[in-house]
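Structure, as C-alpha cells:
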Amino acid sequence: MLLALLLAALHGCQLDTSRGPADSAFLEAGGAFPAEWPFGADAAPVTATEGLVATTDEYASQVGLDILAAGGNAVDAAVATGLALAVVNPEAGNLGGGGFMMIRLADGTVHAQDHREKAPLAATRDMYLDADGNVTDRSVLGHLAAGVPGTVQGLWDAHERFGSLPWASVVQPAIDLAGGFTVTMRLVSTLDAAQNGIRAFEAGARIFLPGDSVPAIGDSFSQPDLAAVLTRLRDRGPDDFYRGETAALIAAEMQRGGGIMTLEDLDRYTAVWREPAAFDYRGHTVHSMPPPSSGGVTMAAIANIVERWDLGAMGWNTPETIHVMAESFRRAYADRNEYLADPDFVELPVDQFLSDDYADRRAATISLERATPSSEVAPGIDAFLDETHTTHYSVVDGDGNAVAVTTSVNSWYGSKVVVEGAGFYLNNTMDDFAAKPGTPNQFGLVQGERNAVGPEKRMLSAMSPTIVEDPDGNLFLITGTPGGATIITTVLQTIFNVVDHGMSVVQAVHAPRVHHQHLPDMVFHEYGGLPEATVRALEALGHTVRERDPGPPDAYFTGGMSGDVQLIMAMPDGSFAGWSDPRRGGLTLGR
Ligand code: DON
C-alpha cells in the first residue's frame with residue numbers, strides 16, 4: 001500500500017483517474033491484476049489528437065511536446081527528446097552511447113535505423129580475458145568498455161532524412177537544459193545507486209558528485225562542458241563529434257585512460273538504415289529492429305510459436321498462458337543466444353527465425369504437461385542480473401508519423417568514464433559481445449562465437465523499438481523498453497496484453513510481466529506479480545519460478561520490477577492514448 005501511495009505521489013500527473021476507469025475488454029471479461037499488485041487496472045491514459053511524447057523523464061517529454069507544438073514532426077520531436085535525455089537522464093540518455101530507431105511515416109512506410117556502437121579497430125576477440133582466460137571487468141568498467149558511439153550520427157541522419165524543422169531548433173532545448181535544470185528524484189536515485197563506480201573516475205565525479213556528494217532534489221544542476229559539446233553539435237553538426245573538437249577530446253580521454261578508441265574509429269563511424277524485421281501476429285503487423293538487434297527476429301520467432309495457442313482464451317497470467325510463453329521464450333532465446341550477431345560480419349539464419357517452418361518445429365516440442373528443461377535444448381548455467389539502465393521513448397505527431405527509439409550506454413552511466421572537457425559518459429556496450437563465448441555477460445546472457453568481439457563489429461543487442469499496425473494496416477502501437485535481456489519479452493507482453501487480452505494502453509503497461517531467456521532455466525516474475533497458486537501450478541509443470549528481489553527500498557525505482565515501457569496506442573477515433581511505465585516514473589505528455 002505504501003508503495004502504491006508513493007508511486008501515486010511520484011506519478012501524480014499521470015495517475016489521474018478523474019476521467020474514470022479505462023474502458024477495456026480486459027475488465028469487461030472480468031480480468032483483474034493480482035490483489036497486491038501496486039499498479040491499477042483502472043487509470044485513464046493520457047490522450048491527445050495532435051501528438052504524444054512518452055519518455056521516462058518529464059523534462060524530455062516536455063521538450064518533445066514543445067517541438068511538436070512548434071510545428072515539428074515526430075522525427076524532429078524524437079531527435080530533440082533524445083538529445084534532452086542525454087542531459088537530464090545521463091545514466092541512460094546519451095551522446096556517448098548508441099541505439100536503434102523505428103520510424104513509421106503517415107504514408108505507411110517503415111524505416112529502421114541502426115546507430116549501435118561499433119568495436120574500435122584495435123579490438124580483439126580475447127581483449128577482456130586475463131592470462132588464465134577468465135573474463136575481467138574491463139568490458140564493463142573503464143575505457144576499454146566503450147564502443148564507438150552512434151547516437152549523434154543516428155539522430156543527425158534521422159533528422160536529415162525525415163526532419164522538418166531546422167537542426168538548430170531541435171538541438172537548442174538540450175543546450176538550454178545543459179545550462180541548468182532542477183535536479184529530479186530520478187537523477188538523485190541513479191547517482192546514489194551508481195556513485196561508487198562514478199567516484200572511480202575523476203572527470204565524471206567532479207561533474208556528477210559535486211563536493212563528493214549526490215546533488216539534492218531541487219538543486220540547479222548545470223553541465224557547461226556538455227552545453228559546449230551540444231552547441232558545437234548545433235553549429236557544426238556531427239562533424240565536430242566524429243572529426244572535430246569533440247572527437248579530439250574523446251581520443252585524448254582514451255589515451256589518458258588506456259583505451260583503444262582512436263580518431264580513425266570516430267571518423268569511420270556510420271549509422272545504417274536497415275530493412276525492418278516485420279512479422280504477423282494474429283493479423284497485426286509488427287515492425288521491429290533487425291540484427292544487430294536480436295529484438296525483431298527473436299520476437300518474430302516467439303510470436304510465431306505462441307500464435308499456435310489461443311492466449312486470450314487461456315487467460316491472462318494463468319499458468320497455462322505463462323507456460324506457453326515461457327516455453328516459447330526458452331526456445332527462441334536458445335537460438336538468439338547462439339546464432340544472432342552483427343549481420344555485417346556473420347551470416348545469420350534470419351529467414352529461419354521468421355519462418356513458419358521454424359515455429360512449427362519449435363512448437364511441436366512444447367508439451368502442455370511439462371516444462372522442457374533448458375538442458376534438453378542446450379547446456380545450462382545459473383546467473384541472471386536484470387537491470388533497467390537503458391531508456392526508450394515513443395513519439396507520434398498529429399499526422400500519424402510515429403517514432404520509437406531505444407537508446408543506451410548499457411549500464412547506468414556506462415563505463416563510468418566521462419570524456420574530460422566534454423562532460424558526457426561513454427558507454428560500456430562492449431559487454432554486449434560474448435567476451436568469452438559460452439559464459440554469461442552482465443545480463444546472464446550466454447552468447448556464442450558469432451557474437452565474439454571483432455574490430456568494427458557491432459555487438460548484439462536486445463533493444464527492440466517496435467511499431468505495430470492493426471489488421472487493416474493502420475498505425476496501432478508504438479512501444480519499447482529498457483531491461484537488457486528482458487527487453488524482448490517485455491515488449492512482446494505489451495503486445496500480447498493488448499492483442500490477446502484486450503487490455504487498455506494503461507493496463508498493458510501496468511500488468512506484471514514474466515521472463516525466460518533459456519539460461520538460466522527459470523521463469524522470472526515481478527515482485528508481487530504472480531499469485532501463489534499460479535507459482536505452484538507452474539512448479540508442478542516443472543518450472544523453476546523466481547520472483548524478482550525487491551531489493552532495498554528506493555525512492556524512485558520500483559524494486560523487483562522489470563522494464564520501463566513507453567506505450568502509445570492509436571485509437572479508432574483518430575486520437576492517441578499513451579502511458580509511461582510507473583515502474584520508473586516517466587511521463588507521457590500530449591497536445
Ligand atoms: O543492447 C542491449 O541489449 C543492452 N545494452 C541493453 C541494456 C539495457 O537495457 C540496460 N538495462 N538493462
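Note on naming: chains are A, B, ... as they come in the C-alpha cells, residues start from 1 per chain, ligands start from 1 in the order shown.
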
Would you list the residues that come within 8 Å of ligand 1? Count only C-alpha atoms and all ligand atoms and give the answer as a list of chain:residue names. A:Gly99, A:Ser293, A:Asp386, A:Glu387, A:Thr388, A:His389, A:Thr390, A:Thr391, A:Ser408, A:Val409, A:Asn410, A:Ser411, A:Trp412, A:Thr429, A:Asp431, A:Asp432, A:Phe443, A:Met459, A:Leu460, A:Ser461, A:Ala462, A:Met463, A:Thr481, A:Pro482, A:Gly483, A:Gly484, A:Ala485, A:Thr486, A:Ile487

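With only C-alpha atoms taken into account, the protein and nucleic acid residues at most 10 Å from Ser169 in chain A (excluding it and anything under 2 positions from it in its own chain) are A:Ile67, A:Ala70, A:Gly72, A:Asp76, A:Ala80, A:Leu165, A:Pro166, A:Trp167, A:Val171, A:Gln172, A:Pro173, A:Ala174, A:Arg234.
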
Would you kindly return, as a ChimeraX atom specification, each protein, DNA or RNA residue with an atom no farther than 8 Å from any atom of Thr372 in chain A, considering only C-alpha atoms and excluding same-chain residues fewer than 6 positions away? /A:327,366,542

Show which residues sit within 12 Å of range 238-249 of chain A, as a PyMOL selection string. Count only C-alpha atoms, and ignore same-chain residues fewer than 6 positions away. chain A and resi 95-96+148-157+159-160+167+171+225-232+255-256+261-271+418-424

Out of range 178-353 of chain A, which residues get alpha helix (DSSP H) from DSSP, as JSON, numbers by chain? {"A": [178, 185, 186, 187, 188, 189, 190, 191, 192, 193, 194, 195, 196, 197, 198, 199, 202, 203, 204, 205, 206, 207, 208, 224, 225, 226, 227, 228, 229, 230, 231, 232, 233, 234, 235, 236, 238, 239, 240, 241, 242, 243, 245, 246, 247, 248, 249, 250, 251, 252, 253, 254, 255, 256, 257, 263, 264, 265, 266, 267, 268, 295, 296, 297, 298, 299, 300, 301, 302, 303, 304, 305, 306, 311, 312, 313, 314, 319, 320, 321, 322, 323, 324, 325, 326, 327, 328, 329, 330, 331, 332, 333, 334, 335, 336, 337, 338, 339, 350, 351, 352, 353]}
